[in-house]
Amino acid sequence: MRLAERWGLADAPPSLQLLEADRDGLRDRLRLGWLLTTPDALALIPAHDAAAVAALDRTGRPFAPDRLRVAFAPKVAALQALQLPQLLERFAAGETIAATDPAVIALHTTATAHHRQLAAAAGLSPHKLPSGTLRALLEACGWKVVLAGRIKTRGEGRDVYAYRAQRLALPEGVEALALAAAWLAELEGLAAGAKTPPTWILCRGQKSPTPPPSGPPPHRHRWPLAPVPLIP
């Protein structure tokens, strides 16, 4: 696919900024964030992945790392299990979130407990602190974490940092609606020729990341988690 088509450009030539962003993988990171927040796109992932995997090997037995390279379900399912879409929704609404927020702590705890599965499915790793894990996962989705200030604590406790987050800016000449339309067309194009969703096997003995303990979510969310199958 030509660069202009990949970014949803019309007849305008790609800018230098766009060329640099494409080499840096910005399109893929932005697309992951879009997938996590777009129900219509989530529903197309199983069929898309089935077609993408089938195209790798006509015998139906493609090399496992190649399956992960062309498919979206493993990475999306892993981030869903970490409840990342709900945090994206809160940031998109303009909320300031503290590093000690229960959702951030749960994200870090689950990512750390299942760091091998997260690395295998999404190529991502938790950091030492919850804020670092939050920053790394949001960057992988095309978002940037910005320090919003400190929350004073009583006594001799350390101040708590609070954060906002925003989507990374699009390169010059790229329109958000046109780019989303290009992504959706790619999904629909492959999904149209799909037969059955692939079965995901990462490694013997591995399990999928498990969500944090049950209880009321910190923020009501709109994303359907069911359309994307979790990793067996």
# chains A, B, ... in the order shown; residues from 1 in each chain; ligands from 1

$ residues_around --residues "range 129-132 of chain A" --least-positions-apart "4" --cutoff "10 Å" --atoms "only C-alpha atoms" --output "PyMOL selection string"
chain A and resi 98-101+103-109+111-112+136-138+145+161-163

$ atom_distance --atom1 "CA of Asp28 in chain A" --atom2 "CA of Gln86 in chain A"
20.3 Å

$ select_by_dssp --residues "range 38-96 of chain A" --states "alpha helix (DSSP H)" --output "ChimeraX atom specification"
/A:39-54,64-70,73-81,84-92

$ atom_distance --atom1 "CA of Pro74 in chain A" --atom2 "CA of Leu19 in chain A"
28.1 Å

$ closest_residue --among "A:Val53, A:Leu18, A:Ala122, A:Leu42" --to "Leu170 in chain A" --atoms "only C-alpha atoms"
A:Leu18

$ atom_distance --atom1 "CA of Leu84 in chain A" --atom2 "CA of Gly142 in chain A"
12.8 Å

$ residues_around --residues "range 146-152 of chain A" --least-positions-apart "3" --cutoff "10 Å" --atoms "only C-alpha atoms" --output "list in words"
Thr96, Ile97, Ala98, Ala99, Arg135, Trp143, Gly155, Gly157, Arg158, Asp159, Val160, Tyr161, Ala162, Tyr163, Arg164, Ala165 and Gln166 of chain A

$ residues_around --residues "Gly173 in chain A" --least-positions-apart "2" --cutoff "8 Å" --atoms "only C-alpha atoms" --output "PyMOL selection string"
chain A and resi 9+12+14-15+18+171+175

$ write_last_selection --atoms "all heavy atoms" --output "short mmCIF file (atom, residue, chain, number, x, y, z; two decimals), in the first residue's frame"
data_model
loop_
_atom_site.label_atom_id
_atom_site.label_comp_id
_atom_site.auth_asym_id
_atom_site.auth_seq_id
_atom_site.Cartn_x
_atom_site.Cartn_y
_atom_site.Cartn_z
N LEU A 9 -4.43 10.07 2.76
CA LEU A 9 -4.26 11.33 2.03
C LEU A 9 -5.01 11.30 0.71
O LEU A 9 -5.23 10.24 0.12
CB LEU A 9 -2.77 11.58 1.77
CG LEU A 9 -1.85 11.71 2.98
CD1 LEU A 9 -0.43 11.94 2.53
CD2 LEU A 9 -2.32 12.84 3.90
N ALA A 12 -2.66 15.26 -1.99
CA ALA A 12 -1.54 16.05 -1.47
C ALA A 12 -0.30 15.17 -1.29
O ALA A 12 -0.41 14.04 -0.83
CB ALA A 12 -1.93 16.67 -0.13
N PRO A 14 3.01 13.68 0.44
CA PRO A 14 3.36 13.53 1.86
C PRO A 14 4.43 14.52 2.28
O PRO A 14 5.38 14.78 1.53
CB PRO A 14 3.87 12.08 1.95
CG PRO A 14 4.29 11.73 0.55
CD PRO A 14 3.37 12.48 -0.35
N SER A 15 4.27 15.06 3.47
CA SER A 15 5.24 16.02 3.99
C SER A 15 6.43 15.28 4.60
O SER A 15 6.38 14.07 4.85
CB SER A 15 4.59 16.90 5.06
OG SER A 15 4.18 16.10 6.17
N LEU A 18 5.46 13.74 7.80
CA LEU A 18 4.73 12.48 7.63
C LEU A 18 5.69 11.33 7.36
O LEU A 18 5.52 10.22 7.90
CB LEU A 18 3.73 12.62 6.48
CG LEU A 18 2.94 11.35 6.12
CD1 LEU A 18 2.14 10.86 7.32
CD2 LEU A 18 2.02 11.61 4.94
N PRO A 171 0.54 13.95 11.82
CA PRO A 171 1.51 14.66 10.96
C PRO A 171 0.80 15.67 10.06
O PRO A 171 -0.41 15.57 9.80
CB PRO A 171 2.14 13.53 10.13
CG PRO A 171 1.89 12.29 10.91
CD PRO A 171 0.59 12.50 11.61
N GLU A 175 -5.69 14.05 8.09
CA GLU A 175 -6.95 14.34 8.76
C GLU A 175 -7.40 13.11 9.53
O GLU A 175 -7.32 11.98 9.03
CB GLU A 175 -8.02 14.75 7.75
CG GLU A 175 -7.70 16.03 6.98
CD GLU A 175 -7.75 17.26 7.87
OE1 GLU A 175 -8.41 17.19 8.93
OE2 GLU A 175 -7.13 18.28 7.50
#

$ closest_residue --among "A:Lys144, A:Arg167, A:His48, A:Lys75" --to "Leu118 in chain A" --atoms "only C-alpha atoms"
A:Lys75

$ residues_around --residues "Cys141 in chain A" --least-positions-apart "3" --cutoff "6 Å" --atoms "only C-alpha atoms" --output "ChimeraX atom specification"
/A:29-30,32-33,138

$ closest_residue --among "A:Ala93, A:Leu87, A:Val70, A:Ala169" --to "Leu190 in chain A" --atoms "only C-alpha atoms"
A:Val70

$ closest_residue --among "A:Ala113, A:Ala73, A:Ala121, A:Leu44" --to "Glu188 in chain A" --atoms "only C-alpha atoms"
A:Leu44

$ closest_residue --among "A:Leu16, A:Ala55, A:Leu177, A:Ala4" --to "Ala71 in chain A" --atoms "only C-alpha atoms"
A:Ala55

$ closest_residue --among "A:Leu187, A:Val174, A:Leu168, A:Leu179" --to "Ala52 in chain A" --atoms "only C-alpha atoms"
A:Leu187

$ select_by_dssp --residues "range 3-197 of chain A" --states "strand (DSSP E)" --output "list in words"
Ile97, Ala98, Trp143, Lys144, Val145, Val146, Leu147, Ala148, Gly149, Arg150, Ile151, Val160, Tyr161, Ala162, Tyr163, Arg164, Ala165, Gln166 and Arg167 of chain A
